[in-house]
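Quick notes on the structure that follows.
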Amino acid sequence: MVLGVGGFAQAVMQILSDDGAEVSCALTRNYAHAAPTLAGPTHDLASAESLAELIDRQSADLVVPMSIDWAKATWTGSLLASRAAVFSPTGDAMLIERDRDFARQLCQRFGVPFPASHVAHNRLDALEFLDREPRAFVIKNPLCSPNSPVHTILCETPGDTRAWLERINYAEGVFLQEYLGRREAGHIALVANGEVHSLVTNQEYKRAHAGNMGIVAGAPMGGLAQADPGDQYGLAKALLHPFKPWFVETGYTGPIQATGIFRDGQWHAIEYNIRLGITATPMILRMLENPVATLMRLASGESPEVRFRAGHEFGASMTLAGYGYPFVQLEGPSVPVTFEGELACDVWWNEVAFDDGGGLLATGHRVADVVAFGPAVSAALAVANENIRKIRCLGSYFRPDIGESLWPPGNE
Ligand SMILES: Nc1ncnc2c1ncn2[C@@H]1O[C@H](COP(=O)(O)OP(=O)(O)O)[C@@H](O)[C@H]1O
Ligand SMILES: [Mg+2]
């Protein structure tokens, strides 16, 4: 059972169902409900009796949450007490994503480079800190949640930081983290019994426009993933392996994603997530030879056996954004989605609905993610590029330059 909405839920359900699992979805948000119905039965959690009853009724063995907010829900306790295993670390292990200053302390304890950071409780505190440390700081929420009053503002000069500090909601304070440049990459692994099992090295294209211009969009405009069980870029060694004693201490069992920036000859950790990630999950699950068994083994505390499908060494994901994106205050009407030719790769739908005739309507800012695979990054990108061009809806756009920068890892 997937806890989520949109293309994430559709992708996880479809891929696990293709691998033989019986799938369903508990809808956790009030939008993007249509796509998961293409892959299996869905239940609106807002109107369902209780999640635990749903799990019981369906004899669900595994629950895959889309975001970290499941741990703060009214039904969290009953989920953890239910028959199903949750594909996530629990308890204190979650703090590595939830609490940015906790992640900083963990990095300090285990010698992982982390940018200079400061938690400020109000505007004066933040401005005083900036006077003492006149450098560029990225502005973030101290506690990660999809509902945070602050979303990351990527400032690149001290003046940028100062300007944005005037416009921030300080209800939860702010986490200021020194800006380290653009040489970013990610690595995703499964952790069980204190071992780190590398899955992929990945990239996300977070800026709205081609050439990495414009603002960092709420969700990426594209992504790459490379099967990397041997950690060939050294990201797991630098950013994840040092935490092994803490993984043992907390009984960490689940996925982990590290985001690093290469500066001064080494990788610095800027963020950890306790999930495979919205962009990477639909790639990773298709790249695995046995996704159901891999997730089930891990969720039940056993060390996973990770095997990749031949010809699926690289995944490329391209997002079709709708009218107004990335400025989500700007909204248009629902418009028809039409096709020129047959789609010949994975397409996961986000903010769409069906019209009376069963046709597709774009209802929001993120229309679809088009995902393709190949034995080389160029092959995967070629298929994604060819297919995203077959989808048309008014005001939509995509980034045609995914993969042309920021890859291989360490490049700008
Ligand atoms: N210290 C930093 N230096 C440079 N870029 C950063 C830094 N922190 C964040 N970024 C950029 O902003 C993006 C979002 O920041 P992140 O910490 O991952 O927050 P979230 O994913 O919760 O929005 C990063 O992927 C990266 O591109
Ligand atoms: Mg991030």
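Here's how to read the names in the structure tokens: chain A, B, ... by the order shown, residue numbers from 1 in each chain, ligand numbers from 1 in the order shown.
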Could you write out, as a ChimeraX atom specification, all the residues of stretch 6-146 of chain A that DSSP marks as alpha helix (DSSP H)?
-> /A:6-18,34-37,51-57,76-81,95-98,100-110,123-132
Can you pull out the residues contacting A:Glu302? Cut-off 10 Å, using only C-alpha atoms, and skip same-chain residues under 6 positions away; I want them as a short mmCIF file (atom, residue, chain, number, x, y, z; two decimals) with C-alpha atoms, in the first residue's frame.
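Result file follows (out.cif):
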```
data_model
loop_
_atom_site.label_atom_id
_atom_site.label_comp_id
_atom_site.auth_asym_id
_atom_site.auth_seq_id
_atom_site.Cartn_x
_atom_site.Cartn_y
_atom_site.Cartn_z
CA VAL A 191 20.42 0.58 5.27
CA ALA A 192 19.89 -2.51 7.43
CA ASN A 193 21.83 -4.07 10.30
CA THR A 253 16.22 0.15 8.70
CA THR A 294 14.03 -5.99 -2.23
CA LEU A 295 11.57 -3.72 -0.42
CA MET A 296 9.98 -6.57 1.56
#
```
Test item: residues lying within 9 Å of ligand 1 with only C-alpha atoms and all ligand atoms, as number ranges by chain | A: 97, 100, 114-117, 136-141, 144-146, 151-156, 176-186, 204-207, 216, 218-219, 259-261, 268-273
I need the residues of stretch 189-317 of chain A that end up classed as strand (DSSP E) by DSSP on the backbone, written out as a short mmCIF file (atom, residue, chain, number, x, y, z; two decimals) with C-alpha atoms, in the first residue's frame.
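Below you can see part.cif, which holds the result:
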```cif
data_model
loop_
_atom_site.label_atom_id
_atom_site.label_comp_id
_atom_site.auth_asym_id
_atom_site.auth_seq_id
_atom_site.Cartn_x
_atom_site.Cartn_y
_atom_site.Cartn_z
CA ALA A 189 21.18 3.50 -0.45
CA LEU A 190 19.34 0.95 1.66
CA VAL A 191 20.42 0.58 5.27
CA ALA A 192 19.89 -2.51 7.43
CA GLU A 195 25.26 -1.94 6.58
CA VAL A 196 24.95 0.51 3.69
CA HIS A 197 23.80 -1.06 0.41
CA SER A 198 24.34 1.46 -2.36
CA LEU A 199 21.65 1.71 -5.04
CA VAL A 200 22.22 4.71 -7.28
CA THR A 201 24.10 7.96 -7.69
CA ASN A 202 21.63 10.56 -8.86
CA GLN A 203 21.11 14.12 -10.00
CA GLU A 204 18.09 16.40 -9.86
CA TYR A 205 17.60 19.44 -12.08
CA ARG A 207 15.95 25.05 -11.38
CA ALA A 208 12.92 25.93 -13.43
CA HIS A 209 14.60 26.78 -16.73
CA MET A 213 18.40 29.35 -14.73
CA GLY A 214 15.49 30.69 -12.70
CA ILE A 215 14.37 29.75 -9.23
CA VAL A 216 14.67 26.36 -7.56
CA GLY A 222 14.17 16.31 -14.24
CA GLY A 223 16.56 13.77 -12.87
CA LEU A 224 19.13 11.11 -13.64
CA ALA A 225 19.94 7.93 -11.76
CA GLN A 226 22.83 5.56 -12.38
CA ALA A 227 22.95 2.08 -10.87
CA GLY A 254 15.17 1.81 5.48
CA PRO A 255 16.23 3.95 2.57
CA ILE A 256 18.49 6.99 2.84
CA GLN A 257 19.42 9.70 0.38
CA ALA A 258 22.42 11.99 0.81
CA THR A 259 22.82 15.23 -1.12
CA GLY A 260 26.38 16.49 -1.38
CA ILE A 261 28.21 19.45 -2.87
CA PHE A 262 31.81 19.11 -4.02
CA ARG A 263 34.00 21.94 -2.79
CA GLN A 266 35.79 17.02 -0.95
CA TRP A 267 32.09 16.24 -0.70
CA HIS A 268 30.07 18.18 1.88
CA ALA A 269 26.69 16.93 3.11
CA ILE A 270 23.93 19.51 2.64
CA GLU A 271 20.87 17.36 3.29
CA TYR A 272 19.71 13.82 4.11
CA ASN A 273 16.35 12.29 3.24
CA PHE A 314 20.73 4.55 -16.34
CA GLY A 315 17.39 6.22 -15.77
CA ALA A 316 16.30 9.64 -17.05
CA SER A 317 13.24 11.50 -15.79
#
```
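Taking atom CA of A:Glu340 as the reference point, atom CA of A:Met287 is found at 27.5 Å.
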Pick from A:Ala236, A:Ala21, A:Val383, A:Leu276: nearest to ligand 2, with only C-alpha atoms and all ligand atoms counted?
->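 The closest residue to ligand 2 is A:Leu276.
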A:Phe339: which residues within 7 Å, counting only C-alpha atoms, same-chain residues fewer than 5 positions away excluded, as number ranges by chain?
-> A: 390-392
Could you please take those selected residues and save C-alpha atoms as a tab-separated table (two decimals), in the first residue's frame?
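This is the output file out14.tsv:
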```tsv
chain	number	residue	atom	x	y	z
A	390	LYS	CA	4.32	13.58	-27.79
A	391	ILE	CA	2.34	15.14	-24.91
A	392	ARG	CA	0.64	18.48	-25.46
```
Nearest to ligand 2, chosen from A:Ala210, A:Leu51, A:Val64, A:Ala217, with only C-alpha atoms and all ligand atoms counted in the distances | A:Ala217
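From atom CA of A:Thr319 back to atom CA of A:Val367, the distance works out to 7.6 Å.
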Please provide the set of residues having any atom within 6 Å of A:Val248, restricted to only C-alpha atoms, with same-chain residues fewer than 3 positions apart removed, written as a PyMOL selection string.
-> chain A and resi 194+245+251
For the residues selected in the previous step, produce a file with C-alpha atoms as a PDB file, in the first residue's frame.
```pdb
ATOM      1  CA  GLY A 194      24.358  -1.244  10.221  1.00  0.00           C
ATOM      2  CA  PRO A 245      27.725   3.258  14.299  1.00  0.00           C
ATOM      3  CA  GLY A 251      18.421   0.348  14.425  1.00  0.00           C
TER       4      GLY A 251
END
```
For stretch 77-82 of chain A, please output as an MDAnalysis selection string all residues within 8 Å (counting only C-alpha atoms; exclusion window: fewer than 2 positions along the same chain).
-> chainID A and resid 51:52 55:56 74:75 84:86
Using only C-alpha atoms and all ligand atoms, which residue out of A:Ile274, A:Ala353, A:Met13, A:Leu288 lies closest to ligand 2?
-> A:Ile274
Could you work out how far atom CA of A:Asp228 lies from atom CA of A:Val347, giving the answer in Å with one decimal?
->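 Going from atom CA of A:Val347 over to atom CA of A:Asp228 covers 24.0 Å.
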Write out as a VMD selection string each polymer residue whose atoms come within 12 Å of A:Gly211, counting only C-alpha atoms; drop sequence neighbours fewer than 4 positions from it.
-> chain A and resid 205 to 207 215 221 399 to 406 412
